[in-house]
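Structure file input_19.csv (CSV, C-alpha atoms) follows.
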```csv
chain,number,residue,atom,x,y,z
A,1,MET,CA,38.0,4.0,30.4
A,2,LEU,CA,38.0,0.7,32.3
A,3,LYS,CA,40.2,-2.3,31.4
A,4,LEU,CA,38.4,-5.6,31.3
A,5,LEU,CA,40.0,-9.0,31.3
A,6,ILE,CA,38.3,-11.4,28.9
A,7,ASN,CA,39.8,-14.8,28.5
A,8,GLY,CA,43.3,-13.5,29.4
A,9,GLY,CA,43.0,-10.4,27.1
A,10,GLU,CA,42.2,-6.8,27.9
A,11,ARG,CA,39.3,-4.8,26.5
A,12,LEU,CA,38.6,-1.1,27.0
A,13,ILE,CA,35.0,-0.3,28.0
A,14,PRO,CA,33.3,3.1,28.5
A,15,PRO,CA,31.9,4.0,32.0
A,16,LEU,CA,28.2,4.0,32.5
A,17,HIS,CA,26.3,7.2,31.8
A,18,ARG,CA,23.3,8.4,33.8
A,19,SER,CA,20.0,7.2,32.4
A,20,SER,CA,16.4,6.8,33.4
A,21,THR,CA,16.4,3.0,33.6
A,22,PRO,CA,14.0,0.5,35.3
A,23,HIS,CA,14.7,-0.4,38.9
A,24,TRP,CA,16.1,-3.7,37.8
A,25,TYR,CA,19.0,-2.1,36.1
A,26,SER,CA,22.3,-0.6,37.2
A,27,SER,CA,22.6,2.9,38.6
A,28,SER,CA,25.0,5.4,37.2
A,29,ARG,CA,27.9,4.5,39.6
A,30,ILE,CA,31.1,3.3,38.0
A,31,ILE,CA,31.4,-0.5,38.2
A,32,SER,CA,34.8,-1.8,39.2
A,33,PRO,CA,36.7,-3.9,36.7
A,34,GLN,CA,36.8,-6.8,39.2
A,35,LYS,CA,33.1,-7.0,39.5
A,36,LEU,CA,32.6,-6.6,35.8
A,37,ASN,CA,35.1,-9.3,35.1
A,38,LEU,CA,33.1,-11.7,37.2
A,39,ALA,CA,29.9,-10.8,35.4
A,40,VAL,CA,31.3,-11.0,31.9
A,41,ASP,CA,33.0,-14.3,32.7
A,42,TYR,CA,29.8,-15.8,33.9
A,43,LEU,CA,27.7,-14.5,31.0
A,44,THR,CA,30.2,-15.7,28.4
A,45,ASN,CA,30.9,-19.1,29.9
A,46,SER,CA,27.3,-19.9,31.1
A,47,LEU,CA,25.3,-18.4,28.3
A,48,GLY,CA,27.8,-18.2,25.4
A,49,LEU,CA,27.3,-14.4,25.0
A,50,SER,CA,29.9,-12.6,23.0
A,51,PRO,CA,32.2,-10.3,25.0
A,52,ASP,CA,30.3,-7.2,23.7
A,53,GLN,CA,26.9,-8.7,24.6
A,54,ALA,CA,28.2,-9.7,28.0
A,55,ILE,CA,29.6,-6.2,28.7
A,56,SER,CA,26.3,-4.6,27.6
A,57,THR,CA,24.3,-7.1,29.7
A,58,ALA,CA,26.4,-6.6,32.8
A,59,HIS,CA,26.0,-2.8,32.6
A,60,LYS,CA,22.3,-3.2,32.7
A,61,LEU,CA,22.3,-5.1,36.0
A,62,ARG,CA,21.3,-3.3,39.2
A,63,SER,CA,23.9,-5.1,41.2
A,64,LEU,CA,26.9,-7.4,40.3
A,65,ARG,CA,27.3,-8.7,43.8
A,66,GLY,CA,25.4,-11.9,43.0
A,67,PHE,CA,28.1,-13.0,40.5
A,68,LYS,CA,30.4,-13.8,43.5
A,69,SER,CA,28.1,-16.7,44.5
A,70,LYS,CA,26.2,-17.2,41.2
A,71,LYS,CA,23.7,-19.4,43.2
A,72,ASN,CA,20.5,-17.6,42.1
A,73,PHE,CA,21.7,-17.1,38.6
A,74,ASN,CA,22.3,-20.8,38.2
A,75,LEU,CA,18.9,-21.6,39.7
A,76,VAL,CA,17.2,-19.3,37.1
A,77,LEU,CA,19.1,-20.8,34.2
A,78,ASP,CA,18.5,-24.3,35.4
A,79,PHE,CA,14.7,-23.5,35.7
A,80,PHE,CA,14.5,-22.2,32.2
A,81,LYS,CA,16.4,-25.3,30.8
A,82,ARG,CA,14.1,-27.7,32.7
A,83,ASN,CA,11.0,-26.0,31.3
A,84,GLY,CA,11.8,-26.1,27.6
A,85,PHE,CA,13.7,-22.9,27.0
A,86,ASN,CA,16.6,-23.5,24.6
A,87,ASP,CA,19.9,-21.7,24.8
A,88,SER,CA,18.8,-19.2,22.1
A,89,LEU,CA,15.7,-18.2,24.1
A,90,ILE,CA,17.5,-18.0,27.4
A,91,ASN,CA,20.2,-15.8,25.8
A,92,SER,CA,17.6,-13.5,24.3
A,93,ILE,CA,15.8,-13.2,27.7
A,94,VAL,CA,18.9,-12.4,29.7
A,95,SER,CA,20.3,-10.0,27.1
A,96,SER,CA,17.0,-8.1,27.0
A,97,PHE,CA,16.3,-8.3,30.8
A,98,PRO,CA,19.4,-9.2,32.8
A,99,GLY,CA,17.4,-8.6,36.0
A,100,VAL,CA,15.7,-11.9,35.4
A,101,LEU,CA,18.9,-13.6,36.9
A,102,SER,CA,18.1,-12.0,40.3
A,103,ILE,CA,14.5,-13.1,40.4
A,104,ASN,CA,13.4,-15.6,43.1
A,105,VAL,CA,12.6,-18.8,41.2
A,106,VAL,CA,10.2,-20.3,43.7
A,107,LYS,CA,8.3,-17.2,44.7
A,108,THR,CA,8.2,-15.3,41.5
A,109,LEU,CA,9.5,-16.9,38.3
A,110,GLU,CA,8.0,-20.3,38.5
A,111,PRO,CA,4.4,-19.2,39.5
A,112,LYS,CA,4.3,-16.7,36.6
A,113,ILE,CA,5.6,-19.2,34.1
A,114,ARG,CA,3.0,-21.7,35.2
A,115,VAL,CA,0.3,-19.1,34.6
A,116,LEU,CA,1.6,-18.6,31.0
A,117,GLU,CA,1.7,-22.3,30.5
A,118,GLY,CA,-1.9,-22.6,31.7
A,119,LEU,CA,-2.9,-20.2,28.9
A,120,GLY,CA,-1.3,-22.5,26.4
A,121,LEU,CA,1.8,-20.4,25.7
A,122,THR,CA,5.0,-22.2,24.7
A,123,PRO,CA,8.5,-20.9,25.7
A,124,ASP,CA,9.0,-19.1,22.4
A,125,LEU,CA,5.8,-17.2,23.0
A,126,MET,CA,6.6,-16.5,26.6
A,127,ILE,CA,9.8,-14.7,25.8
A,128,LYS,CA,8.3,-11.2,25.6
A,129,PHE,CA,6.5,-11.7,28.9
A,130,VAL,CA,9.7,-12.8,30.7
A,131,SER,CA,11.8,-10.1,29.1
A,132,SER,CA,9.5,-7.2,30.3
A,133,PRO,CA,11.0,-5.7,33.5
A,134,ASN,CA,8.3,-3.1,33.9
A,135,TRP,CA,5.4,-5.3,32.8
A,136,PHE,CA,4.7,-9.0,33.5
A,137,MET,CA,7.7,-9.7,35.7
A,138,LYS,CA,7.1,-6.6,37.9
A,139,LYS,CA,3.3,-6.9,38.5
A,140,SER,CA,2.0,-8.9,41.5
A,141,LEU,CA,0.6,-12.2,40.4
A,142,LYS,CA,-2.1,-12.3,43.1
A,143,SER,CA,-3.4,-8.7,43.1
A,144,SER,CA,-2.8,-7.7,39.4
A,145,ILE,CA,-2.1,-10.4,36.9
A,146,LEU,CA,-4.6,-13.1,37.9
A,147,PRO,CA,-7.5,-10.7,38.4
A,148,VAL,CA,-6.9,-9.3,35.0
A,149,ILE,CA,-6.7,-12.7,33.4
A,150,GLU,CA,-10.0,-13.8,35.2
A,151,THR,CA,-11.8,-10.6,34.0
A,152,MET,CA,-10.5,-11.1,30.4
A,153,ARG,CA,-11.5,-14.7,30.5
A,154,SER,CA,-15.0,-13.8,31.5
A,155,ILE,CA,-15.2,-11.5,28.5
A,156,LEU,CA,-13.2,-13.4,25.9
A,157,GLY,CA,-14.5,-16.8,26.7
A,158,SER,CA,-11.4,-18.9,26.3
A,159,ASP,CA,-7.7,-19.1,27.4
A,160,GLU,CA,-6.7,-19.0,23.8
A,161,ASN,CA,-8.3,-15.5,23.4
A,162,VAL,CA,-6.9,-14.3,26.7
A,163,ALA,CA,-3.4,-15.4,25.5
A,164,ARG,CA,-3.9,-13.5,22.2
A,165,ALA,CA,-5.0,-10.3,24.0
A,166,LEU,CA,-2.1,-10.5,26.5
A,167,GLN,CA,0.4,-11.0,23.6
A,168,ARG,CA,-0.9,-7.8,22.0
A,169,LEU,CA,-0.5,-6.0,25.4
A,170,VAL,CA,3.0,-7.1,26.0
A,171,SER,CA,4.0,-6.0,22.5
A,172,SER,CA,2.7,-2.5,23.4
A,173,CYS,CA,4.6,-2.6,26.8
A,174,LEU,CA,1.3,-1.8,28.6
A,175,PHE,CA,-0.3,-3.8,31.3
A,176,LEU,CA,-3.9,-3.4,32.5
A,177,SER,CA,-4.8,-2.8,36.1
A,178,PRO,CA,-7.8,-4.8,37.2
A,179,LYS,CA,-9.6,-1.6,38.1
A,180,SER,CA,-9.1,0.2,34.7
A,181,LEU,CA,-10.1,-3.0,32.9
A,182,ARG,CA,-13.4,-3.3,34.9
A,183,ASP,CA,-14.1,0.5,34.7
A,184,ASN,CA,-13.6,0.7,31.0
A,185,VAL,CA,-15.7,-2.3,30.2
A,186,GLU,CA,-18.5,-0.8,32.3
A,187,LEU,CA,-18.1,2.6,30.5
A,188,LEU,CA,-18.4,0.9,27.1
A,189,ARG,CA,-21.5,-1.0,28.2
A,190,SER,CA,-23.1,2.2,29.6
A,191,GLN,CA,-22.6,3.8,26.1
A,192,GLY,CA,-24.5,1.0,24.4
A,193,MET,CA,-21.7,-1.2,23.2
A,194,SER,CA,-22.6,-4.9,23.1
A,195,TYR,CA,-20.6,-7.6,25.0
A,196,GLU,CA,-19.7,-9.2,21.6
A,197,GLU,CA,-18.3,-5.9,20.3
A,198,ILE,CA,-16.4,-5.3,23.6
A,199,LYS,CA,-14.9,-8.8,23.1
A,200,LYS,CA,-13.8,-8.0,19.5
A,201,LEU,CA,-12.3,-4.7,20.6
A,202,MET,CA,-10.4,-6.4,23.4
A,203,LEU,CA,-8.9,-8.8,20.8
A,204,MET,CA,-8.2,-6.0,18.4
A,205,ASN,CA,-6.8,-3.4,20.7
A,206,PRO,CA,-6.6,-4.4,24.4
A,207,ARG,CA,-4.4,-1.5,25.4
A,208,LEU,CA,-7.5,0.8,25.2
A,209,TYR,CA,-8.8,-1.0,28.4
A,210,GLY,CA,-5.7,0.1,30.2
A,211,TRP,CA,-6.4,3.8,29.6
A,212,LYS,CA,-7.7,6.1,32.2
A,213,THR,CA,-11.5,6.0,32.0
A,214,SER,CA,-11.6,9.8,31.4
A,215,TRP,CA,-9.4,9.3,28.3
A,216,LEU,CA,-11.5,6.5,26.9
A,217,GLU,CA,-14.6,8.6,27.5
A,218,ALA,CA,-13.0,11.5,25.5
A,219,LEU,CA,-12.1,9.1,22.7
A,220,ILE,CA,-15.7,7.8,22.6
A,221,GLY,CA,-16.8,11.5,22.3
A,222,ARG,CA,-14.5,12.0,19.3
A,223,VAL,CA,-15.7,8.9,17.5
A,224,GLU,CA,-19.3,9.9,17.9
A,225,GLY,CA,-18.8,13.6,17.3
A,226,LYS,CA,-16.2,13.6,14.5
A,227,LEU,CA,-17.2,10.4,12.7
A,228,GLY,CA,-20.8,10.1,13.6
A,229,ILE,CA,-20.5,6.5,14.7
A,230,ARG,CA,-22.5,5.5,17.8
A,231,ALA,CA,-21.4,3.0,20.4
A,232,ASN,CA,-24.2,0.6,19.4
A,233,MET,CA,-22.9,0.4,15.7
A,234,ASN,CA,-20.7,-2.4,14.4
A,235,MET,CA,-18.1,0.1,13.1
A,236,PHE,CA,-17.7,1.7,16.5
A,237,ARG,CA,-14.8,-0.4,17.6
A,238,HIS,CA,-13.0,0.3,14.3
A,239,GLY,CA,-13.6,4.0,14.9
A,240,LEU,CA,-12.1,3.7,18.4
A,241,TYR,CA,-9.1,1.9,17.0
A,242,ALA,CA,-8.5,4.4,14.2
A,243,LEU,CA,-8.7,7.5,16.4
A,244,SER,CA,-7.0,6.0,19.5
A,245,SER,CA,-3.5,7.1,18.4
A,246,MET,CA,-4.6,10.0,16.1
A,247,SER,CA,-4.5,13.7,17.0
A,248,ALA,CA,-7.2,16.1,15.9
A,249,GLU,CA,-4.7,17.7,13.5
A,250,LYS,CA,-3.9,14.4,11.9
A,251,LEU,CA,-7.6,13.6,11.5
A,252,ASP,CA,-8.1,17.0,9.8
A,253,ALA,CA,-5.2,16.1,7.5
A,254,LYS,CA,-6.9,12.9,6.4
A,255,PHE,CA,-10.1,14.8,5.7
A,256,GLY,CA,-8.1,17.4,3.8
A,257,ALA,CA,-6.5,14.7,1.6
A,258,LEU,CA,-9.9,13.5,0.5
A,259,ARG,CA,-11.2,17.1,-0.1
A,260,SER,CA,-8.2,17.7,-2.3
A,261,CYS,CA,-9.4,14.9,-4.5
A,262,GLY,CA,-12.7,16.7,-5.0
A,263,TRP,CA,-14.7,15.0,-2.2
A,264,ASP,CA,-17.3,16.9,-0.2
A,265,ASP,CA,-17.9,16.3,3.5
A,266,SER,CA,-21.0,14.2,2.9
A,267,ASN,CA,-19.1,11.5,1.0
A,268,ILE,CA,-16.2,11.7,3.5
A,269,LEU,CA,-18.5,11.0,6.4
A,270,ILE,CA,-20.1,8.1,4.4
A,271,LEU,CA,-16.6,6.7,3.9
A,272,VAL,CA,-15.5,6.9,7.6
A,273,ARG,CA,-18.8,5.6,8.9
A,274,THR,CA,-18.7,2.6,6.5
A,275,GLY,CA,-15.0,1.9,7.0
A,276,PRO,CA,-13.3,3.9,9.7
A,277,GLN,CA,-10.2,1.8,9.2
A,278,VAL,CA,-9.3,3.9,6.2
A,279,LEU,CA,-8.3,6.6,8.6
A,280,THR,CA,-5.2,4.5,9.5
A,281,TYR,CA,-3.9,4.9,5.9
A,282,SER,CA,-1.5,7.7,5.1
A,283,GLU,CA,-2.7,10.8,3.3
A,284,LEU,CA,-0.4,9.9,0.4
A,285,ALA,CA,-1.9,6.4,0.1
A,286,LEU,CA,-5.5,7.8,0.3
A,287,LYS,CA,-4.8,10.3,-2.5
A,288,SER,CA,-3.1,7.8,-4.7
A,289,ALA,CA,-5.9,5.2,-4.4
A,290,VAL,CA,-8.7,7.7,-4.7
A,291,GLY,CA,-6.9,9.4,-7.7
A,292,PHE,CA,-6.6,6.1,-9.5
A,293,TYR,CA,-10.2,5.0,-9.0
A,294,MET,CA,-11.6,8.4,-10.0
A,295,LYS,CA,-9.3,9.5,-12.8
A,296,GLU,CA,-8.5,6.2,-14.5
A,297,LEU,CA,-11.6,4.2,-13.7
A,298,GLY,CA,-14.1,7.0,-13.5
A,299,TYR,CA,-15.5,5.9,-10.1
A,300,HIS,CA,-17.7,8.4,-8.3
A,301,PRO,CA,-16.8,9.4,-4.7
A,302,LYS,CA,-20.0,7.9,-3.4
A,303,TYR,CA,-19.2,4.5,-4.9
A,304,ILE,CA,-15.7,4.5,-3.3
A,305,ALA,CA,-17.2,5.8,0.0
A,306,THR,CA,-19.6,2.8,0.1
A,307,HIS,CA,-16.9,0.4,-0.8
A,308,PRO,CA,-14.1,1.4,1.6
A,309,ALA,CA,-12.2,-1.9,1.1
A,310,LEU,CA,-11.1,-0.5,-2.3
A,311,LEU,CA,-8.7,1.8,-0.4
A,312,GLY,CA,-7.1,-1.0,1.6
A,313,TYR,CA,-5.8,-3.1,-1.3
A,314,SER,CA,-2.2,-2.6,-2.5
A,315,MET,CA,-2.3,-0.5,-5.6
A,316,GLU,CA,0.9,-2.0,-7.1
A,317,LYS,CA,0.5,-5.6,-6.0
A,318,ARG,CA,-3.3,-6.1,-6.5
A,319,VAL,CA,-5.3,-3.3,-7.9
A,320,ARG,CA,-3.3,-2.2,-11.0
A,321,PRO,CA,-2.3,-5.7,-12.1
A,322,ARG,CA,-5.8,-7.1,-11.8
A,323,ASN,CA,-7.3,-4.1,-13.5
A,324,ALA,CA,-4.9,-4.5,-16.4
A,325,VAL,CA,-5.9,-8.1,-16.9
A,326,LEU,CA,-9.6,-7.3,-16.7
A,327,ARG,CA,-9.2,-4.5,-19.2
A,328,VAL,CA,-7.6,-6.8,-21.7
A,329,LEU,CA,-10.4,-9.4,-21.3
A,330,LYS,CA,-13.1,-6.8,-21.6
A,331,ASP,CA,-11.5,-5.3,-24.7
A,332,MET,CA,-11.6,-8.7,-26.4
A,333,ASN,CA,-15.2,-9.3,-25.2
A,334,LEU,CA,-14.1,-12.3,-23.1
A,335,ILE,CA,-15.8,-11.0,-20.0
A,336,LYS,CA,-18.8,-8.6,-19.7
A,337,GLU,CA,-18.0,-4.9,-19.7
A,338,SER,CA,-20.2,-4.6,-16.7
A,339,PHE,CA,-17.9,-6.9,-14.6
A,340,VAL,CA,-16.6,-4.8,-11.8
A,341,LEU,CA,-13.0,-4.7,-10.5
A,342,TYR,CA,-14.2,-4.8,-6.9
A,343,THR,CA,-15.3,-8.4,-7.3
A,344,SER,CA,-11.9,-9.5,-8.5
A,345,LEU,CA,-10.0,-7.7,-5.7
A,346,SER,CA,-11.6,-9.6,-2.9
A,347,ILE,CA,-10.5,-13.1,-4.0
A,348,SER,CA,-7.1,-14.7,-3.4
A,349,GLU,CA,-4.2,-14.6,-5.7
A,350,SER,CA,-4.5,-18.3,-6.7
A,351,GLU,CA,-8.3,-17.8,-7.3
A,352,PHE,CA,-7.7,-14.8,-9.5
A,353,LEU,CA,-5.2,-16.7,-11.6
A,354,LYS,CA,-7.6,-19.7,-11.8
A,355,ARG,CA,-10.5,-17.5,-13.0
A,356,PHE,CA,-9.0,-14.7,-15.0
A,357,VAL,CA,-5.6,-15.8,-16.3
A,358,GLU,CA,-5.3,-19.6,-16.8
A,359,PRO,CA,-8.6,-20.0,-18.8
A,360,PHE,CA,-7.6,-17.4,-21.4
A,361,LYS,CA,-3.9,-18.3,-22.0
A,362,GLU,CA,-4.7,-19.8,-25.4
A,363,SER,CA,-7.0,-17.1,-26.7
A,364,VAL,CA,-4.9,-14.3,-25.2
A,365,PRO,CA,-1.3,-15.7,-25.2
A,366,ASP,CA,0.1,-12.6,-23.6
A,367,ILE,CA,-2.4,-12.4,-20.8
A,368,TYR,CA,0.1,-13.9,-18.4
A,369,GLU,CA,2.7,-11.5,-19.5
A,370,VAL,CA,0.4,-8.6,-18.7
A,371,TYR,CA,0.1,-9.9,-15.2
A,372,LYS,CA,3.8,-10.8,-14.9
A,373,ASN,CA,4.9,-7.3,-15.9
A,374,TYR,CA,3.2,-6.0,-12.8
A,375,LEU,CA,4.1,-8.7,-10.3
A,376,ARG,CA,7.3,-10.1,-11.7
A,377,ILE,CA,5.9,-13.6,-11.7
A,378,PRO,CA,8.1,-16.0,-13.7
A,379,SER,CA,6.4,-17.4,-16.7
A,380,LYS,CA,6.7,-21.1,-17.6
A,381,ALA,CA,9.1,-20.2,-20.4
A,382,ASP,CA,11.3,-18.5,-17.8
A,383,GLY,CA,11.4,-21.5,-15.6
```
Give the structure from this file in structure tokens form.
Amino acid sequence: MLKLLINGGERLIPPLHRSSTPHWYSSSRIISPQKLNLAVDYLTNSLGLSPDQAISTAHKLRSLRGFKSKKNFNLVLDFFKRNGFNDSLINSIVSSFPGVLSINVVKTLEPKIRVLEGLGLTPDLMIKFVSSPNWFMKKSLKSSILPVIETMRSILGSDENVARALQRLVSSCLFLSPKSLRDNVELLRSQGMSYEEIKKLMLMNPRLYGWKTSWLEALIGRVEGKLGIRANMNMFRHGLYALSSMSAEKLDAKFGALRSCGWDDSNILILVRTGPQVLTYSELALKSAVGFYMKELGYHPKYIATHPALLGYSMEKRVRPRNAVLRVLKDMNLIKESFVLYTSLSISESEFLKRFVEPFKESVPDIYEVYKNYLRIPSKADG
């Protein structure tokens, strides 16, 4: 154990262990207490980090030599402060990515921040970009980042859309290479996907454009072969999204869950072609929803298959409460028996209350209680 002096007191800290860390971070060599003292001192005094945070952050640094002069570190912190980053944001960046303190402000940090500003991002939205050592801060601005932004802009049509797509990318820790982006757009076009659908897919799941073209080609084959959705169909992008992170075994399990509810393959294929997003739901959720609609409401599999949105609503927060209210109103002949649940599920909470609860509170005094029992909504008497 090393002894570390913090504000005149001693703290025992464990030595570093070997790990596979990015090149910005420290190697496995033991850091001397003297160098660690300098680092922790700086991090606690300049950034207000706690001793534990300062120790953890110092351990992540590739080198502690810069703490002797602190010149570049001060330049980085000053740059952030001058550009609207508050103390909380700066602390979060440095704690996540200590290597940012060693980046050249003029050559690297400032140009990249200006690019993000140009896309309309504010400091609180930039934090993930600046905190990504193997992503935005590592890639070359000229040969990688700017070409990708230009290509995305030509497809997405606005800086606002480019910013949205990039934020999704940084959240998945994946960055596109200009070549993979161009090649995958060309592949999708060659398969018959329209530019408008390519745009929607990029906003929905931009990481697909960073895949190897051969992988995307295989995914296209699965969507067309397993789901029967062609690239020129509107549901194709949803099929790509659904299967992009799903193994063949997992897909078989989804189909198996539906078969266990009495569905044949023809209805399963209707369902996944009409709403492939249902494949992102768990087997348990699928069985629970299908079981409710078939056993309690008497719905036929084909009706559910052609109304896939039914499977996406929360059973406990929307389907069961609203069905209970409609059942009471139908039993009292206040609405037609033919009125379908599906219509009421698609409207907002406030609209449902306005149309199906509030107008009947006098004729059915407990109608609000029926709803309240499911959703725990306080009644006026409770308030």
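For the pair atom CA of Glu358 of chain A and atom CA of Met315 of chain A, the separation is 22.3 Å.
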For this session: Mind listing whatever residues come within 12 Å of the point (-8.6, 3.7, -14.1)? Use only C-alpha atoms, file coordinates, and give them as a PyMOL selection string.
Result: chain A and resi 288-300+315+319-324+326-327+340-341
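Taking atom CA of Leu334 of chain A and atom CA of Pro301 of chain A as the two end points, the separation is 28.6 Å.
If you measure from each of A:Leu89, A:Val278, A:Leu271, A:Val325 to Leu353 of chain A using all atoms listed in the file, the closest one turns out to be A:Val325.
Each of A:Ser363, A:Asn205, A:Ser96, A:Asn72 was compared to Val328 of chain A using only C-alpha atoms, and A:Ser363 turns out to be the nearest.
Once Tyr342 of chain A and its same-chain neighbours fewer than 3 positions away are set aside, His307, Ala309, Leu310, Phe339, Leu345 and Ser346 of chain A remain within 9 Å of it when counting all atoms listed in the file.
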For this session: Enter the distance from atom CA of Lys138 of chain A to atom CA of Gln34 of chain A, in Å, rounded to one decimal.
Result: 29.7 Å
Atom completion result for segment 54-61 of chain A (all heavy atoms) as an mmCIF file, in the frame of the given file:
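As a result, rebuild.cif now contains:
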```cif
data_model
loop_
_atom_site.group_PDB
_atom_site.id
_atom_site.type_symbol
_atom_site.label_atom_id
_atom_site.label_comp_id
_atom_site.auth_asym_id
_atom_site.auth_seq_id
_atom_site.Cartn_x
_atom_site.Cartn_y
_atom_site.Cartn_z
ATOM 1 N N ALA A 54 28.068 -9.530 26.566
ATOM 2 C CA ALA A 54 28.200 -9.700 28.000
ATOM 3 C C ALA A 54 28.479 -8.401 28.710
ATOM 4 O O ALA A 54 27.935 -8.155 29.796
ATOM 5 C CB ALA A 54 29.405 -10.690 28.259
ATOM 6 N N ILE A 55 29.292 -7.545 28.122
ATOM 7 C CA ILE A 55 29.600 -6.200 28.700
ATOM 8 C C ILE A 55 28.292 -5.399 28.783
ATOM 9 O O ILE A 55 27.970 -4.792 29.813
ATOM 10 C CB ILE A 55 30.660 -5.487 27.916
ATOM 11 C CG1 ILE A 55 32.005 -6.201 28.068
ATOM 12 C CG2 ILE A 55 30.785 -4.039 28.381
ATOM 13 C CD1 ILE A 55 33.066 -5.694 27.105
ATOM 14 N N SER A 56 27.544 -5.378 27.672
ATOM 15 C CA SER A 56 26.300 -4.600 27.600
ATOM 16 C C SER A 56 25.301 -5.123 28.643
ATOM 17 O O SER A 56 24.643 -4.355 29.343
ATOM 18 C CB SER A 56 25.708 -4.689 26.210
ATOM 19 O OG SER A 56 24.440 -4.075 26.155
ATOM 20 N N THR A 57 25.189 -6.448 28.736
ATOM 21 C CA THR A 57 24.300 -7.100 29.700
ATOM 22 C C THR A 57 24.648 -6.774 31.118
ATOM 23 O O THR A 57 23.800 -6.437 31.946
ATOM 24 C CB THR A 57 24.189 -8.580 29.447
ATOM 25 O OG1 THR A 57 23.778 -8.835 28.100
ATOM 26 C CG2 THR A 57 23.217 -9.243 30.406
ATOM 27 N N ALA A 58 25.930 -6.874 31.419
ATOM 28 C CA ALA A 58 26.400 -6.600 32.800
ATOM 29 C C ALA A 58 26.137 -5.172 33.196
ATOM 30 O O ALA A 58 25.796 -4.889 34.343
ATOM 31 C CB ALA A 58 27.898 -6.911 32.865
ATOM 32 N N HIS A 59 26.279 -4.246 32.291
ATOM 33 C CA HIS A 59 26.000 -2.800 32.600
ATOM 34 C C HIS A 59 24.577 -2.567 32.956
ATOM 35 O O HIS A 59 24.283 -1.602 33.663
ATOM 36 C CB HIS A 59 26.409 -1.983 31.376
ATOM 37 C CG HIS A 59 27.833 -1.525 31.404
ATOM 38 N ND1 HIS A 59 28.365 -0.700 30.443
ATOM 39 C CD2 HIS A 59 28.842 -1.774 32.264
ATOM 40 C CE1 HIS A 59 29.644 -0.450 30.717
ATOM 41 N NE2 HIS A 59 29.941 -1.117 31.815
ATOM 42 N N LYS A 60 23.672 -3.412 32.462
ATOM 43 C CA LYS A 60 22.300 -3.200 32.700
ATOM 44 C C LYS A 60 21.810 -3.690 34.092
ATOM 45 O O LYS A 60 20.725 -3.361 34.548
ATOM 46 C CB LYS A 60 21.411 -3.897 31.641
ATOM 47 C CG LYS A 60 21.572 -3.311 30.245
ATOM 48 C CD LYS A 60 20.777 -4.150 29.249
ATOM 49 C CE LYS A 60 21.005 -3.681 27.817
ATOM 50 N NZ LYS A 60 20.311 -4.549 26.848
ATOM 51 N N LEU A 61 22.644 -4.515 34.715
ATOM 52 C CA LEU A 61 22.300 -5.100 36.000
ATOM 53 C C LEU A 61 22.297 -4.068 37.107
ATOM 54 O O LEU A 61 23.176 -3.206 37.161
ATOM 55 C CB LEU A 61 23.166 -6.269 36.346
ATOM 56 C CG LEU A 61 22.814 -7.584 35.659
ATOM 57 C CD1 LEU A 61 23.957 -8.561 35.788
ATOM 58 C CD2 LEU A 61 21.548 -8.178 36.271
#
```
